[in-house]
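Accompanying notes for the structure given below.
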Amino acid sequence: MLEVEGLQKIYRSAAGDTEAIRDLTFEARAGEIVCIVGPSGAGKTTLLRCISGLLEPTAGRVTLEGEEVVGPARGMAVVFQEYARSLFPWLTVSQNVELPLKEKGLDRKTRRQLVEQSLEAVGLADVPNSYPWQLSGGMQQRVAIARAVAYEPHILLMDEPFAAVDAQTRADLEDLVRDLWERLGITLLFVTHDIDESIYLGQRVLVLSGRPTVILEDVKVDFPDQRDQLTTRNDPEFGRLRAHVYDLVQEAKRGFRPDAEAESGASVSTS
Amino acid sequence: MTTAAPQAGARQRFHSIRRYPLFRRLLLIFGLPAFLVVIWWISSERADSFFYPALSDIVATFAPTWFEGRITADVFPSLGRLLAGYGVALFVGISLGIAIGLSATLRSFSEPVLEFLRAIPPPVLVPILMLFFGIGDAMKIVVIATGAVWPILLNTVEGVRGVDEVLRDTARTYGLGSVTQLRTLVLRASSPQIMTGARQSLSIAIILMVISEMFAAHNGLGFSIVQFQRSFALPEMWTGIILLGLLGVGLSIVFRLIENPILHWYRGQRQSQRGG
């Protein structure tokens, strides 16, 4: 479904090059939830921007459903962390959701149906005519999710979408995402810095190293699809996985690299 | 999860004056103007100077001076030239501003020239433009447009440069085409700055309308005022000045009526960010 092969990204500037991503190879199968965690500054956002076609990789390639990604792809939607800045403040909630559908060339009736369904799905059926800035942060992120869902993507990319909302809202939104994923059968790539969140949501957790980024480990999360905040998080297996991923992230912070490139580990700390 | 409360709060603070009872509102709006008129009235009644005629004379002269033909012969042509020049300035300023704002290359290419051109006071262009365009409407429209274009242009450039990156990324990932991006993203996002520029330009345009008519014209408000002054028809001259002031007030009210629906979102957003 989604293949990332040998992805490398180097930011070039007059002050010198910065290698954000060294070599990433992984794939996400159709209908899978893959979470990506790593220490801060691990190039998670860079990776997501490369996958979404917003940023051109220096080397390697991203393939979505057999086609190489060279720009924003049609079967893909992105939910950004900064909900307040990703919604159009001059459009109402329903206009925000509808805009990409208009651009797709859907007729009015289909558009209205999709807007209604997706707002209903995220629990915002009662505020279609409000403006985003009249809503709380969690509700704004729901609007962004509704917009992505209405777009009917095959893969949904989420870049630390709940990093800026409070803990209770975050738990609600996590369940919302799992629920939508189950109902729609889409593929989900979820970037987060929250280890618990990655295990709770994911079927696989990719743990990234520090910069320049490689994959430390591809952790399988063997929980049933029916998860809930209380029992899943209290499962002994959950605790074991959390400890494991936590250790990996700590190692990554210390500059550990699986390819035993000690000298490049040293250069990380100086850059 | 309340949506109505912040909205109502914002509305209230927006039009805070609306909370006062009618009498106080009228007093707030008309208090200072009325006071100034009274001062003028009393001081001019006693002045007994030829150049400072009594306000009662000026008021008595107002209607015969303007409403017996001059409205159509002088005021309308002036307004027509003003709107034409301002319209050209808006069109050129916004379209050029968007192009320059969107392209870094174009920006560095055009910046020195723009800085030079905007430093030239437009009135000094009048004699030159007279040579090219004569003393007709075209010259005056060009003068108004060349003077009024700068605030619009420069503010539009700033506005377009300031379009939020996350919003741009969002537009790109949803595959919004360039026309949609221009209309729904770039123009709307920069509308607060564009309106700021347009407001500054409006007063510049009024000034240039008068100045261009003072140099060379056969009708118009500025022309009339100069004619009155040269023929020592001082009360009439004063009525012209008052009319100009009233015109300015009227145009700024019209401007606000147009601006309010365009910037409704912006004011609401700012209110809610302030914790409304």
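Within each chain, counting starts at residue 1; across the structure tokens, chains are named A, B, ... in the order shown, with ligands numbered 1 upward in that order.
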
- Query: Counting only C-alpha atoms, what is within 6 Å of region 124-131 of chain A, bar same-chain residues fewer than 5 positions away, as a PyMOL selection string?
  - Reply: chain A and resi 92-94+119

- Task: Extract, using only C-alpha atoms, all DNA, RNA and protein residues at most 10 Å from region 25-31 of chain A, discarding same-chain residues fewer than 2 positions from it, and format them as JSON, numbers by chain.
- Result: {"A": [1, 2, 3, 4, 5, 6, 7, 8, 23, 33, 34, 60, 61, 62, 63, 64, 65, 154, 155, 181, 182, 184, 185, 186, 187, 188, 189, 204, 206, 214, 215, 218]}

If you keep N, CA, C and O atoms, can you produce a file of those selected residues as a short mmCIF file (atom, residue, chain, number, x, y, z; two decimals), in the first residue's frame?
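This went into out-v6.cif:
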```cif
data_model
loop_
_atom_site.label_atom_id
_atom_site.label_comp_id
_atom_site.auth_asym_id
_atom_site.auth_seq_id
_atom_site.Cartn_x
_atom_site.Cartn_y
_atom_site.Cartn_z
N MET A 1 0.85 -1.21 0.00
CA MET A 1 0.00 0.00 0.00
C MET A 1 0.88 1.25 0.00
O MET A 1 0.94 1.98 -0.95
N LEU A 2 1.63 1.41 1.10
CA LEU A 2 2.60 2.52 1.16
C LEU A 2 3.99 1.93 1.38
O LEU A 2 4.20 1.18 2.31
N GLU A 3 4.88 2.27 0.47
CA GLU A 3 6.26 1.79 0.63
C GLU A 3 7.22 2.97 0.69
O GLU A 3 7.13 3.87 -0.14
N VAL A 4 8.09 2.93 1.67
CA VAL A 4 9.14 3.92 1.79
C VAL A 4 10.45 3.18 1.64
O VAL A 4 10.72 2.25 2.39
N GLU A 5 11.23 3.55 0.64
CA GLU A 5 12.47 2.82 0.36
C GLU A 5 13.67 3.75 0.37
O GLU A 5 13.74 4.68 -0.42
N GLY A 6 14.57 3.47 1.26
CA GLY A 6 15.86 4.18 1.30
C GLY A 6 15.72 5.68 1.37
O GLY A 6 16.53 6.41 0.79
N LEU A 7 14.71 6.14 2.08
CA LEU A 7 14.44 7.58 2.11
C LEU A 7 15.53 8.33 2.86
O LEU A 7 15.92 7.98 3.97
N GLN A 8 16.01 9.39 2.22
CA GLN A 8 17.00 10.25 2.85
C GLN A 8 16.61 11.69 2.61
O GLN A 8 16.09 12.03 1.55
N ASP A 23 18.31 7.00 6.35
CA ASP A 23 17.93 5.86 5.52
C ASP A 23 16.73 5.17 6.16
O ASP A 23 16.88 4.50 7.16
N ILE A 33 -2.73 0.20 11.01
CA ILE A 33 -2.35 1.42 11.72
C ILE A 33 -0.89 1.30 12.12
O ILE A 33 -0.52 0.41 12.87
N VAL A 34 -0.09 2.19 11.56
CA VAL A 34 1.32 2.21 11.90
C VAL A 34 1.61 3.50 12.64
O VAL A 34 1.30 4.58 12.15
N GLY A 60 16.00 8.13 -2.36
CA GLY A 60 14.98 7.15 -2.02
C GLY A 60 13.64 7.53 -2.60
O GLY A 60 13.51 8.56 -3.28
N ARG A 61 12.64 6.68 -2.33
CA ARG A 61 11.35 6.97 -2.92
C ARG A 61 10.20 6.53 -2.02
O ARG A 61 10.34 5.66 -1.17
N VAL A 62 9.08 7.18 -2.23
CA VAL A 62 7.85 6.85 -1.52
C VAL A 62 6.85 6.40 -2.57
O VAL A 62 6.64 7.08 -3.56
N THR A 63 6.27 5.23 -2.36
CA THR A 63 5.31 4.72 -3.33
C THR A 63 3.98 4.49 -2.64
O THR A 63 3.90 3.83 -1.61
N LEU A 64 2.94 5.06 -3.21
CA LEU A 64 1.60 4.88 -2.66
C LEU A 64 0.77 4.13 -3.70
O LEU A 64 0.59 4.59 -4.81
N GLU A 65 0.28 2.96 -3.32
CA GLU A 65 -0.54 2.13 -4.20
C GLU A 65 0.10 1.98 -5.58
O GLU A 65 -0.55 2.15 -6.60
N HIS A 154 -7.40 6.93 1.00
CA HIS A 154 -7.05 5.54 1.24
C HIS A 154 -6.08 5.44 2.40
O HIS A 154 -6.01 4.45 3.09
N ILE A 155 -5.29 6.52 2.53
CA ILE A 155 -4.37 6.56 3.66
C ILE A 155 -4.48 7.91 4.34
O ILE A 155 -4.62 8.94 3.69
N TRP A 181 -11.08 4.44 12.02
CA TRP A 181 -10.23 3.51 11.28
C TRP A 181 -10.96 2.18 11.07
O TRP A 181 -10.93 1.60 9.98
N GLU A 182 -11.63 1.71 12.14
CA GLU A 182 -12.35 0.44 12.03
C GLU A 182 -13.49 0.52 11.03
O GLU A 182 -13.71 -0.38 10.24
N LEU A 184 -14.00 2.74 8.54
CA LEU A 184 -13.69 3.14 7.17
C LEU A 184 -12.70 2.21 6.49
O LEU A 184 -12.55 2.23 5.27
N GLY A 185 -11.99 1.44 7.29
CA GLY A 185 -11.02 0.51 6.71
C GLY A 185 -9.87 1.19 5.99
O GLY A 185 -9.35 0.68 5.00
N ILE A 186 -9.49 2.38 6.47
CA ILE A 186 -8.39 3.07 5.82
C ILE A 186 -7.06 2.67 6.44
O ILE A 186 -7.02 2.04 7.50
N THR A 187 -5.98 3.04 5.78
CA THR A 187 -4.65 2.85 6.33
C THR A 187 -4.29 4.12 7.09
O THR A 187 -4.63 5.21 6.66
N LEU A 188 -3.65 3.94 8.24
CA LEU A 188 -3.38 5.11 9.07
C LEU A 188 -1.90 5.13 9.46
O LEU A 188 -1.36 4.14 9.94
N LEU A 189 -1.30 6.28 9.21
CA LEU A 189 0.09 6.48 9.62
C LEU A 189 0.07 7.61 10.64
O LEU A 189 -0.31 8.74 10.32
N ARG A 204 1.44 -1.62 14.73
CA ARG A 204 2.91 -1.65 14.71
C ARG A 204 3.40 -0.29 15.17
O ARG A 204 2.76 0.72 14.90
N LEU A 206 6.80 1.98 14.85
CA LEU A 206 8.16 2.15 14.33
C LEU A 206 8.89 3.11 15.25
O LEU A 206 8.45 4.25 15.44
N VAL A 214 17.27 6.72 11.40
CA VAL A 214 17.05 5.38 10.84
C VAL A 214 16.02 4.70 11.74
O VAL A 214 15.66 5.25 12.77
N ILE A 215 15.55 3.52 11.33
CA ILE A 215 14.59 2.82 12.18
C ILE A 215 15.33 1.96 13.19
O ILE A 215 16.23 1.19 12.84
N ASP A 218 10.97 -2.21 14.60
CA ASP A 218 9.59 -2.26 14.16
C ASP A 218 8.86 -3.15 15.18
O ASP A 218 8.96 -4.36 15.15
#
```

Counting only C-alpha atoms, what are the residues of chain A within 10 Å of chain B, and for each of them which pair of atoms is the nearest and at what distance in Å, to one decimal? Sort the table by chain and rising number, as CSV.
```
residue,atom,partner,partner_atom,distance
A:Arg49,CA,B:Asp169,CA,9.3
A:Ser52,CA,B:Thr173,CA,7.2
A:Gly53,CA,B:Thr173,CA,7.8
A:Leu54,CA,B:Asp169,CA,7.1
A:Gly71,CA,B:Thr173,CA,8.3
A:Pro72,CA,B:Thr173,CA,4.9
A:Ala73,CA,B:Thr173,CA,7.2
A:Arg74,CA,B:Gly175,CA,7.1
A:Gly75,CA,B:Tyr174,CA,9.6
A:Met76,CA,B:Thr173,CA,7.7
A:Ala77,CA,B:Thr173,CA,6.6
A:Val78,CA,B:Thr173,CA,6.8
A:Val79,CA,B:Thr170,CA,8.3
A:Phe80,CA,B:Val166,CA,7.8
A:Gln81,CA,B:Val166,CA,9.3
A:Glu82,CA,B:Val166,CA,7.5
A:Tyr83,CA,B:Val166,CA,9.0
A:Ala84,CA,B:Val166,CA,9.4
A:Arg85,CA,B:Val166,CA,5.9
A:Ser86,CA,B:Leu167,CA,4.8
A:Leu87,CA,B:Leu167,CA,6.9
A:Phe88,CA,B:Leu167,CA,7.2
A:Pro89,CA,B:Trp265,CA,6.4
A:Trp90,CA,B:Trp265,CA,5.2
A:Leu91,CA,B:Trp265,CA,8.1
A:Thr92,CA,B:Trp265,CA,9.5
A:Leu99,CA,B:Leu176,CA,8.4
A:Pro100,CA,B:Tyr174,CA,5.8
A:Leu101,CA,B:Tyr174,CA,8.9
A:Lys102,CA,B:Leu176,CA,9.2
A:Glu103,CA,B:Leu176,CA,6.1
A:Lys104,CA,B:Gly175,CA,8.3
A:Val127,CA,B:Thr3,CA,8.1
A:Ser130,CA,B:Thr3,CA,7.8
A:Tyr131,CA,B:Trp265,CA,7.8
A:Pro132,CA,B:Gln269,CA,8.6
A:Trp133,CA,B:Gln269,CA,5.5
A:Gln134,CA,B:Thr3,CA,5.9
A:Leu135,CA,B:Thr3,CA,6.0
A:Ser136,CA,B:Met1,CA,6.6
A:Gly137,CA,B:Met1,CA,9.8
A:Gly138,CA,B:Met1,CA,9.2
A:Met139,CA,B:Met1,CA,8.1
A:Ala144,CA,B:Thr170,CA,9.9
A:Arg147,CA,B:Tyr174,CA,9.7
A:Ala148,CA,B:Tyr174,CA,8.8
A:Tyr151,CA,B:Tyr174,CA,8.2
```

- Query: Using only C-alpha atoms, which residue out of B:Leu114, B:Val157, B:Val210, B:Val226 lies closest to Leu244 (chain B)?
  - Reply: B:Val210

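CA of Tyr200 (chain A) lies 10.8 Å from CA of Pro224 (chain A).
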
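Closest approach to Thr192 (chain A) among A:Val149, A:Val143, A:Ala121, A:Ile36: A:Ile36, based on only C-alpha atoms.
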
- Using DSSP on the backbone coordinates, identify the residues of region 102-257 of chain A assigned to alpha helix (DSSP H); present them as a ChimeraX atom specification. /A:102-104,108-121,137-150,167-184,195-201,229-234,236-253

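From CA of Arg254 (chain A) back to CA of Pro236 (chain A), the distance works out to 27.2 Å.
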
- strand (DSSP E or B) residues, from DSSP on the backbone, in region 12-228 of chain A, as an MDAnalysis selection string: chainID A and resid 18:28 33:37 59:64 67:68 76:79 155:159 187:191 204:208 213:220

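Near region 246-253 of chain A, within 7 Å and counting only C-alpha atoms, sit A:Gly38, A:Pro39, A:Ile195, A:Ser209, A:Gly210, A:Arg242, A:Ala243, A:His244, A:Gly255, A:Phe256; same-chain residues fewer than 2 positions away were not included.
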
So which residues touch Leu55 (chain B) within 9 Å, counting only C-alpha atoms, skipping near sequence neighbours fewer than 6 positions away, as an mmCIF file with N, CA and C atoms, in the first residue's frame?
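Output contents, as saved in part.cif:
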```
data_model
loop_
_atom_site.group_PDB
_atom_site.id
_atom_site.type_symbol
_atom_site.label_atom_id
_atom_site.label_comp_id
_atom_site.auth_asym_id
_atom_site.auth_seq_id
_atom_site.Cartn_x
_atom_site.Cartn_y
_atom_site.Cartn_z
ATOM 1 N N VAL B 37 -18.472 72.780 16.393
ATOM 2 C CA VAL B 37 -19.312 73.658 15.589
ATOM 3 C C VAL B 37 -19.729 74.884 16.419
ATOM 4 N N TRP B 40 -16.819 77.263 16.716
ATOM 5 C CA TRP B 40 -16.627 77.938 15.440
ATOM 6 C C TRP B 40 -17.704 79.022 15.273
ATOM 7 N N TRP B 41 -18.933 78.621 15.550
ATOM 8 C CA TRP B 41 -20.070 79.528 15.363
ATOM 9 C C TRP B 41 -19.870 80.810 16.182
ATOM 10 N N ILE B 42 -19.578 80.632 17.460
ATOM 11 C CA ILE B 42 -19.462 81.798 18.341
ATOM 12 C C ILE B 42 -18.275 82.666 17.946
ATOM 13 N N SER B 43 -17.113 82.004 17.712
ATOM 14 C CA SER B 43 -15.911 82.800 17.445
ATOM 15 C C SER B 43 -16.016 83.527 16.104
ATOM 16 N N SER B 44 -16.639 82.890 15.095
ATOM 17 C CA SER B 44 -16.708 83.535 13.785
ATOM 18 C C SER B 44 -17.759 84.646 13.770
ATOM 19 N N GLU B 45 -18.788 84.506 14.596
ATOM 20 C CA GLU B 45 -19.829 85.535 14.691
ATOM 21 C C GLU B 45 -19.214 86.857 15.177
ATOM 22 N N PRO B 235 -17.051 82.878 1.835
ATOM 23 C CA PRO B 235 -18.021 81.928 2.383
ATOM 24 C C PRO B 235 -18.170 80.712 1.476
#
```

- Task: May I have the residues within 7 Å of Leu216 (chain A) as a PyMOL selection string, using only C-alpha atoms and disregarding those fewer than 6 positions away in the same chain?
- Result: chain A and resi 207-209+258
